[in-house]
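Participant: Just structure-v8.txt, nothing more (compact mmCIF, C-alpha atoms):
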```
# COMPACT_ATOMS: atom_id res chain seq x y z
CA MET E 1156 41.69 -57.40 18.75
CA THR E 1157 44.98 -59.34 18.97
CA LEU E 1158 44.77 -62.48 16.85
CA GLN E 1159 47.31 -64.32 18.98
CA ASN E 1160 44.88 -64.13 21.90
CA LEU E 1161 41.93 -65.50 19.96
CA THR E 1162 40.55 -68.98 19.56
CA ILE E 1163 39.08 -69.35 16.09
CA ALA E 1164 37.06 -72.34 14.95
CA PHE E 1165 37.05 -73.16 11.25
CA ILE E 1166 34.35 -75.39 9.80
CA GLY E 1167 34.51 -76.57 6.17
CA LEU E 1168 37.94 -77.40 4.75
CA GLY E 1169 37.18 -77.72 1.05
CA ARG E 1170 39.12 -76.14 -1.83
CA ILE E 1171 38.44 -72.58 -0.69
CA GLY E 1172 38.08 -73.25 3.02
CA SER E 1173 41.44 -74.94 3.39
CA GLY E 1174 43.19 -71.92 1.85
CA ILE E 1175 41.35 -69.50 4.12
CA ALA E 1176 42.09 -71.66 7.17
CA LYS E 1177 45.78 -71.79 6.30
CA ASN E 1178 45.99 -67.99 6.41
CA VAL E 1179 43.95 -67.78 9.61
CA GLN E 1180 46.25 -70.29 11.28
CA ALA E 1181 49.32 -68.37 10.12
CA SER E 1182 48.07 -65.33 12.07
CA GLY E 1183 49.09 -67.05 15.30
CA CYS E 1184 45.64 -67.68 16.73
CA GLN E 1185 44.61 -70.91 18.41
CA LEU E 1186 42.79 -72.75 15.64
CA VAL E 1187 40.14 -75.43 16.09
CA VAL E 1188 39.06 -77.25 12.93
CA TYR E 1189 36.10 -79.40 11.99
CA ASN E 1190 35.30 -81.06 8.69
CA ARG E 1191 32.76 -83.70 7.80
CA THR E 1192 35.66 -85.68 6.27
CA PRO E 1193 38.09 -85.78 9.23
CA GLN E 1194 41.16 -86.48 7.07
CA LYS E 1195 41.07 -82.89 5.83
CA THR E 1196 41.84 -81.62 9.32
CA GLN E 1197 45.16 -83.47 9.52
CA PRO E 1198 47.46 -80.83 7.93
CA PHE E 1199 46.10 -78.22 10.34
CA VAL E 1200 46.47 -80.48 13.36
CA ALA E 1201 50.04 -81.21 12.29
CA ALA E 1202 50.65 -77.44 12.33
CA GLY E 1203 49.23 -77.07 15.85
CA ALA E 1204 45.45 -76.88 15.48
CA LYS E 1205 42.98 -78.88 17.52
CA ALA E 1206 40.47 -81.12 15.73
CA ALA E 1207 36.87 -81.19 16.91
CA SER E 1208 34.51 -84.12 16.48
CA MET E 1209 31.43 -81.98 15.82
CA PRO E 1210 30.53 -78.32 15.17
CA ARG E 1211 29.30 -77.82 18.74
CA GLU E 1212 32.69 -78.86 20.11
CA ALA E 1213 34.52 -76.63 17.64
CA ALA E 1214 32.42 -73.61 18.62
CA ALA E 1215 32.50 -74.16 22.39
CA SER E 1216 35.87 -72.49 23.00
CA ALA E 1217 35.79 -70.09 20.06
CA ASP E 1218 35.78 -66.31 20.07
CA ILE E 1219 35.07 -66.44 16.34
CA VAL E 1220 33.71 -69.25 14.15
CA ILE E 1221 34.28 -69.23 10.40
CA THR E 1222 32.22 -71.43 8.09
CA CYS E 1223 32.98 -72.23 4.45
CA LEU E 1224 30.29 -74.61 3.23
CA MET E 1225 28.43 -75.52 0.06
CA ASP E 1226 24.91 -74.13 0.22
CA ASP E 1227 21.97 -72.85 2.28
CA GLN E 1228 21.10 -76.21 3.77
CA SER E 1229 24.64 -77.18 4.74
CA VAL E 1230 25.06 -73.91 6.65
CA ILE E 1231 21.69 -74.25 8.42
CA ASP E 1232 22.47 -77.87 9.29
CA VAL E 1233 25.88 -77.12 10.79
CA LEU E 1234 24.43 -74.20 12.73
CA SER E 1235 21.38 -75.93 14.22
CA GLY E 1236 20.51 -78.96 16.30
CA PRO E 1237 22.07 -80.51 19.41
CA ASP E 1238 25.48 -80.89 17.74
CA GLY E 1239 25.43 -77.60 15.83
CA ILE E 1240 27.41 -74.41 16.26
CA LEU E 1241 24.72 -72.62 18.27
CA ALA E 1242 24.60 -75.45 20.79
CA GLY E 1243 28.22 -74.73 21.74
CA LEU E 1244 28.79 -71.07 20.89
CA ARG E 1245 28.91 -68.64 23.80
CA ARG E 1246 26.86 -65.44 23.85
CA GLY E 1247 28.72 -62.52 22.30
CA ALA E 1248 30.86 -64.68 20.02
CA ILE E 1249 31.01 -64.01 16.27
CA HIS E 1250 30.22 -66.24 13.31
CA ILE E 1251 31.77 -65.24 9.98
CA GLY E 1252 29.98 -66.92 7.07
CA THR E 1253 32.07 -67.08 3.88
CA SER E 1254 29.73 -69.35 1.88
CA THR E 1255 27.80 -68.38 -1.24
CA ILE E 1256 24.20 -68.69 -0.08
CA SER E 1257 20.86 -67.03 -0.76
CA PRO E 1258 19.86 -63.63 0.65
CA HIS E 1259 16.89 -65.14 2.53
CA ALA E 1260 19.08 -67.85 4.12
CA THR E 1261 21.54 -65.13 5.16
CA THR E 1262 18.73 -63.20 6.86
CA ARG E 1263 17.56 -66.36 8.61
CA ILE E 1264 21.05 -67.14 9.90
CA ALA E 1265 21.46 -63.60 11.24
CA ALA E 1266 18.12 -63.95 13.05
CA LEU E 1267 19.15 -67.26 14.62
CA HIS E 1268 22.29 -65.63 15.99
CA HIS E 1269 20.33 -62.65 17.30
CA GLN E 1270 17.96 -64.98 19.17
CA HIS E 1271 20.94 -66.88 20.54
CA GLY E 1272 22.80 -63.77 21.71
CA SER E 1273 25.75 -64.20 19.35
CA HIS E 1274 26.64 -62.20 16.22
CA TYR E 1275 26.69 -62.96 12.50
CA VAL E 1276 28.91 -61.33 9.89
CA ALA E 1277 27.87 -62.20 6.34
CA ALA E 1278 31.14 -62.32 4.41
CA PRO E 1279 30.97 -64.41 1.21
CA VAL E 1280 34.24 -64.55 -0.69
CA LEU E 1281 35.12 -64.14 -4.36
CA GLY E 1282 38.12 -65.94 -5.79
CA ARG E 1283 39.49 -69.35 -6.67
CA PRO E 1284 41.51 -71.73 -4.44
CA ASP E 1285 44.87 -70.24 -5.40
CA ALA E 1286 43.65 -66.80 -4.33
CA ALA E 1287 42.37 -68.24 -1.05
CA ALA E 1288 45.72 -69.86 -0.31
CA ALA E 1289 47.57 -66.63 -1.14
CA GLY E 1290 45.27 -64.46 1.00
CA ARG E 1291 44.00 -62.58 -2.08
CA LEU E 1292 40.26 -63.15 -1.90
CA SER E 1293 37.71 -60.38 -2.16
CA THR E 1294 35.10 -60.39 0.60
CA PHE E 1295 31.64 -58.81 0.64
CA VAL E 1296 30.83 -57.94 4.25
CA ALA E 1297 27.59 -56.94 5.97
CA GLY E 1298 26.50 -56.85 9.59
CA ASN E 1299 26.53 -54.69 12.68
CA ARG E 1300 29.27 -52.10 12.21
CA GLU E 1301 30.89 -52.69 15.60
CA ILE E 1302 30.90 -56.46 15.11
CA VAL E 1303 32.35 -56.14 11.60
CA GLU E 1304 35.17 -54.03 13.02
CA ARG E 1305 35.84 -56.66 15.66
CA ALA E 1306 36.02 -59.29 12.93
CA ARG E 1307 38.10 -57.19 10.51
CA PRO E 1308 41.56 -58.39 11.65
CA VAL E 1309 40.46 -61.97 10.96
CA LEU E 1310 38.96 -61.07 7.58
CA GLU E 1311 42.20 -59.34 6.62
CA THR E 1312 44.22 -62.55 7.09
CA TYR E 1313 42.77 -64.02 3.89
CA THR E 1314 41.31 -61.02 2.06
CA GLN E 1315 42.89 -58.64 -0.43
CA LYS E 1316 39.85 -56.36 -0.66
CA ILE E 1317 36.92 -55.93 1.75
CA PHE E 1318 33.72 -54.42 0.37
CA GLY E 1319 31.59 -53.01 3.19
CA LEU E 1320 27.87 -53.29 2.42
CA GLY E 1321 26.20 -51.92 5.53
CA GLU E 1322 24.24 -53.64 8.26
CA ASP E 1323 21.68 -55.59 6.20
CA HIS E 1324 23.22 -59.07 6.04
CA SER E 1325 21.37 -59.99 2.85
CA ARG E 1326 23.23 -57.29 0.91
CA ALA E 1327 26.46 -59.29 1.17
CA ALA E 1328 24.77 -62.37 -0.29
CA SER E 1329 23.17 -60.28 -3.03
CA MET E 1330 26.49 -58.71 -3.96
CA LYS E 1331 28.19 -62.11 -4.20
CA LEU E 1332 25.46 -63.41 -6.48
CA ALA E 1333 25.66 -60.30 -8.67
CA ALA E 1334 29.43 -60.74 -8.96
CA ASN E 1335 29.06 -64.42 -9.79
CA PHE E 1336 26.46 -63.57 -12.43
CA PHE E 1337 28.94 -61.24 -14.10
CA VAL E 1338 31.71 -63.86 -14.01
CA VAL E 1339 29.59 -66.73 -15.32
CA SER E 1340 28.13 -64.54 -18.06
CA PHE E 1341 31.64 -63.59 -19.10
CA LEU E 1342 32.58 -67.28 -19.25
CA GLU E 1343 29.61 -67.91 -21.54
CA LEU E 1344 30.72 -65.04 -23.80
CA MET E 1345 34.27 -66.38 -23.79
CA GLY E 1346 33.07 -69.86 -24.73
CA GLN E 1347 31.10 -68.51 -27.69
CA ALA E 1348 34.00 -66.32 -28.83
CA PHE E 1349 36.48 -69.20 -28.69
CA THR E 1350 34.12 -71.50 -30.57
CA PHE E 1351 33.81 -68.89 -33.33
CA ALA E 1352 37.55 -68.15 -33.35
CA ASP E 1353 38.43 -71.85 -33.47
CA LYS E 1354 36.19 -72.56 -36.45
CA ARG E 1355 37.56 -69.49 -38.28
CA GLY E 1356 41.16 -70.62 -37.61
CA VAL E 1357 42.15 -67.75 -35.29
CA LEU E 1358 41.98 -69.45 -31.90
CA GLU E 1359 45.63 -68.86 -30.98
CA PRO E 1360 45.72 -65.08 -31.60
CA MET E 1361 42.31 -64.74 -29.92
CA THR E 1362 43.73 -66.52 -26.87
CA ASP E 1363 46.77 -64.24 -26.83
CA LEU E 1364 44.57 -61.15 -27.12
CA LEU E 1365 42.35 -62.07 -24.20
CA LYS E 1366 45.23 -63.14 -21.97
CA ALA E 1367 46.82 -59.73 -22.49
CA PHE E 1368 43.70 -57.94 -21.27
CA LEU E 1369 42.14 -60.15 -18.62
CA GLY E 1370 44.77 -60.51 -15.90
CA PRO E 1371 43.36 -62.79 -13.16
CA MET E 1372 40.79 -64.17 -15.61
CA GLY E 1373 43.64 -65.56 -17.67
CA GLU E 1374 43.24 -68.96 -16.04
CA TYR E 1375 39.81 -69.24 -17.65
CA VAL E 1376 41.25 -68.18 -21.01
CA ASP E 1377 43.67 -71.11 -20.85
CA ARG E 1378 41.07 -73.59 -19.66
CA ILE E 1379 38.43 -72.68 -22.25
CA SER E 1380 40.72 -72.15 -25.25
CA ASN E 1381 42.61 -75.39 -24.57
CA ARG E 1382 39.50 -77.29 -23.41
CA ARG E 1383 41.17 -78.35 -20.14
CA TYR E 1384 38.72 -78.65 -17.28
CA ASP E 1385 40.30 -81.22 -15.00
CA THR E 1386 41.84 -80.22 -11.65
CA PRO E 1387 38.87 -77.93 -10.91
CA GLY E 1388 39.08 -74.94 -8.64
CA PHE E 1389 35.29 -74.81 -8.57
CA THR E 1390 33.18 -77.63 -9.96
CA LEU E 1391 30.32 -77.45 -12.43
CA ASP E 1392 27.99 -78.97 -9.82
CA ALA E 1393 28.83 -76.14 -7.41
CA GLY E 1394 28.57 -73.55 -10.17
CA LEU E 1395 25.09 -74.72 -11.14
CA LYS E 1396 24.05 -74.26 -7.52
CA ASP E 1397 25.17 -70.64 -7.72
CA VAL E 1398 23.38 -70.05 -11.04
CA ARG E 1399 20.17 -71.36 -9.50
CA LEU E 1400 20.64 -69.02 -6.52
CA ILE E 1401 21.15 -66.12 -8.93
CA LEU E 1402 17.93 -66.90 -10.76
CA GLU E 1403 16.01 -67.33 -7.51
CA ALA E 1404 17.26 -64.04 -6.07
CA ALA E 1405 16.56 -62.22 -9.33
CA GLY E 1406 13.03 -63.62 -9.44
CA GLU E 1407 12.34 -62.29 -5.95
CA VAL E 1408 12.84 -58.75 -7.24
CA GLN E 1409 11.31 -59.31 -10.70
CA VAL E 1410 14.57 -59.05 -12.66
CA PRO E 1411 14.69 -61.25 -15.77
CA LEU E 1412 18.18 -62.62 -16.43
CA PRO E 1413 18.09 -64.39 -19.79
CA PHE E 1414 21.84 -65.04 -19.71
CA ALA E 1415 21.48 -66.84 -16.39
CA SER E 1416 18.66 -69.00 -17.77
CA LEU E 1417 20.75 -69.88 -20.83
CA ILE E 1418 23.77 -70.73 -18.65
CA ARG E 1419 21.65 -72.88 -16.32
CA ASP E 1420 20.50 -74.93 -19.31
CA LYS E 1421 24.07 -75.30 -20.58
CA CYS E 1422 25.20 -76.39 -17.12
CA LEU E 1423 22.44 -79.02 -17.09
CA ALA E 1424 23.50 -80.22 -20.54
CA ALA E 1425 27.12 -80.45 -19.36
CA GLN E 1426 26.05 -82.38 -16.26
CA ALA E 1427 24.14 -84.82 -18.47
CA ARG E 1428 27.41 -85.47 -20.30
CA GLY E 1429 29.15 -86.37 -17.04
CA PHE E 1430 31.07 -83.11 -16.54
CA GLY E 1431 29.72 -82.31 -13.05
CA GLN E 1432 33.02 -82.66 -11.19
CA GLN E 1433 35.12 -80.77 -13.73
CA ASP E 1434 35.84 -77.04 -13.54
CA TRP E 1435 32.65 -75.03 -13.77
CA CYS E 1436 33.68 -73.33 -17.02
CA VAL E 1437 33.23 -76.73 -18.72
CA PHE E 1438 29.66 -75.65 -19.53
CA THR E 1439 31.24 -73.62 -22.36
CA GLU E 1440 31.84 -76.95 -24.11
CA ILE E 1441 28.16 -76.96 -25.00
CA SER E 1442 28.75 -74.07 -27.43
CA ARG E 1443 31.40 -76.15 -29.18
CA LEU E 1444 29.20 -79.22 -29.35
CA GLU E 1445 26.31 -77.16 -30.71
CA ALA E 1446 28.69 -75.84 -33.39
CA GLY E 1447 29.50 -79.37 -34.50
CA GLN E 1448 32.92 -79.66 -32.95
CA ALA E 1449 33.97 -83.06 -31.73
CA PRO E 1450 33.81 -83.73 -27.97
CA ARG E 1451 37.11 -83.02 -26.30
```
Give the structure from the file, written as structure tokens.
Facilitator:
Amino acid sequence: MTLQNLTIAFIGLGRIGSGIAKNVQASGCQLVVYNRTPQKTQPFVAAGAKAASMPREAAASADIVITCLMDDQSVIDVLSGPDGILAGLRRGAIHIGTSTISPHATTRIAALHHQHGSHYVAAPVLGRPDAAAAGRLSTFVAGNREIVERARPVLETYTQKIFGLGEDHSRAASMKLAANFFVVSFLELMGQAFTFADKRGVLEPMTDLLKAFLGPMGEYVDRISNRRYDTPGFTLDAGLKDVRLILEAAGEVQVPLPFASLIRDKCLAAQARGFGQQDWCVFTEISRLEAGQAPR
């Protein structure tokens, strides 16, 4: 597949989506962009992309459609209805879904494409906006092997590492949730450790120690140790959505996740304090508040 001969539609130009779309456009393809807030399409149009007025129009000329949206419902909504992707997408075209959504929604989306005669590649991404812009995301991929191989050159434009998970689409969603559970649990541990270190007067050496070991996680070390949560890469509101998906998916297979339940409650407490649009690691502030430290 030669990218220069492809028309790719990109739907959802948020913090992660805009970085992915930048790398896709740099591949030399013909890019069509759609976003609910049209102003976000302007940098891509200025670089040669075409803006569409609705998902159906974006999909109509596309060989491949990529979506990067918030949750189950937003993906279903943009896919369905008279103005949705499936209303414009030709048979045989491919939809790459990069969003973090539930396993059952992933299965439903794959079934809708099968009924339509098009193909779905479940490909949720792991990484923050800077990694998306630099083409260094990790991607968990599941779907028909032949279709995944057709989509691979596009995936490689924004991905540092592709994890192949077979043909069951829901496995990609499950893997992303498992990875997010590990990350958010680590943030909770980091928040507790920094609270303890701060009150014992060893916050600075603890920060230096963790930064030396954690590599890409060093951004979180700085944010949590210095209590700086503005300029979010991923908001608390979005993070709570993921924690709820983790708990839902775990419940479906009878796996208790007490850390996830604890983190959900801390996220709710942080939301109640007005932190919803700050970086998602702001929920670690609750450990500090519970330890009697003054609000930041």
Participant: His1268 (chain E): which residues within 10 Å, counting all atoms listed in the file, same-chain residues fewer than 2 positions away excluded, as a list in words?
Facilitator: Leu1234, Leu1241, Leu1244, Arg1246, Gly1247, Ala1248, Ile1249, His1250, Arg1263, Ile1264, Ala1265, Ala1266, Gln1270, His1271, Gly1272, Ser1273, His1274, Tyr1275 and Val1276 of chain E
Participant: At a cut-off of 12 Å around the point (21.8, -76.2, -7.7) (file coordinates), what residues fall inside when counting all atoms listed in the file? I'd like the answer as a list in words.
Facilitator: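 Returned residue set, sorted by chain then number, is Met1225, Asp1226, Asp1227, Gln1228, Thr1255, Ile1256, Ser1257, Thr1390, Leu1391, Asp1392, Ala1393, Gly1394, Leu1395, Lys1396, Asp1397, Val1398, Arg1399, Leu1400, Ile1401, Leu1402, Glu1403, Arg1419, Asp1420, Cys1422, Leu1423, Gln1426 and Gly1431 of chain E.
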Participant: To one decimal place, how far is CA of Tyr1189 (chain E) from CA of Pro1258 (chain E) in Å?
Facilitator: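 Value for the CA of Tyr1189 (chain E)-CA of Pro1258 (chain E) distance: 25.3 Å.
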Participant: One decimal, Å: what's the distance from CA of Gly1203 (chain E) over to CA of Gln1180 (chain E), could you say?
Facilitator: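 Taking CA of Gly1203 (chain E) as the start and CA of Gln1180 (chain E) as the end point, the length is 8.7 Å.
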Participant: Go through E:Val1233, E:Ala1260, E:Leu1161, E:Cys1223 one by one, measure the shortest atom-to-atom distance of each to Ala1278 (chain E) using only C-alpha atoms, and give the residue with the smallest value.
Facilitator: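 Ranking E:Val1233, E:Ala1260, E:Leu1161, E:Cys1223 by distance to Ala1278 (chain E), first place goes to E:Cys1223.
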Participant: Would you work out the distance separating CA of Thr1192 (chain E) from CA of Thr1261 (chain E), expressed in Å to one decimal?
Facilitator: 25.0 Å
Participant: Closest to Ile1418 (chain E) among E:Glu1343, E:Glu1359, E:Glu1212, E:Asp1353, using only C-alpha atoms?
Facilitator: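 Smallest separation from Ile1418 (chain E) among the options: E:Glu1343.
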Participant: At a cut-off of 10 Å, using all atoms listed in the file, what residues contact Ser1208 (chain E)? Leave out same-chain residues fewer than 6 positions from it and give the result as a list of chain:residue names.
Facilitator: E:Val1188, E:Tyr1189, E:Asn1190, E:Arg1191, E:Pro1193, E:Asp1238
Participant: Compare E:Val1408, E:Ala1289, E:Ala1446, E:Ala1348 by their minimum atom-to-atom distance to Gly1174 (chain E), counting all atoms listed in the file, and give me the closest one.
Facilitator: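 Distance minimum relative to Gly1174 (chain E) lands on E:Ala1289.
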Participant: I'd like the contact shell of Gly1236 (chain E) - 12 Å cut-off, only C-alpha atoms, skipping same-chain residues fewer than 5 positions apart - returned as a list in words.
Facilitator: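 The residues satisfying every condition are Met1209, Pro1210, Arg1211, Val1230, Ile1231, Leu1241, Ala1242, Gly1243 and Leu1267 of chain E.
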Participant: Go through E:Thr1157, E:Val1220, E:Thr1196, E:Ala1287 and flag the residue nearest Ile1171 (chain E), using all atoms listed in the file for the distances.
Facilitator: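 The closest residue to Ile1171 (chain E) is E:Ala1287.
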Participant: Which one of E:Asn1178, E:Ala1207, E:Ala1352, E:Gly1239 sits closest to Leu1158 (chain E) if you count only C-alpha atoms?
Facilitator: E:Asn1178
Participant: Could you check which of E:Gln1448, E:Met1372, E:Glu1301, E:Pro1198 is closest to Val1339 (chain E), using all atoms listed in the file?
Facilitator: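 Checking each of E:Gln1448, E:Met1372, E:Glu1301, E:Pro1198 against Val1339 (chain E), counting all atoms listed in the file, the winner is E:Met1372.
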Participant: Could you give me, as a ChimeraX atom specification, the residues within 12 Å of Cys1184 (chain E), counting only C-alpha atoms and dropping anything in the same chain fewer than 4 positions from it?
Facilitator: /E:1156-1165,1176-1180,1202-1205,1217-1219,1308-1309,1312
Participant: Given the point (43.3, -79.5, 5.7) in the coordinates of this file, which residues lie within 8 Å, counting all atoms listed in the file, and how would they look as a VMD selection string?
Facilitator: chain E and resid 1168 to 1169 1173 1194 to 1199
Participant: Taking all atoms of region 1251-1261 of chain E that the file lists and extending 3 Å past them on each side, where is the centre of the axis-aligned box and how long are its edges? Answer in Å to one decimal, as AutoDock Vina command-line options.
Facilitator:
```
--center_x 24.5 --center_y -66.5 --center_z 4.4 --size_x 21.2 --size_y 11.7 --size_z 17.2
```
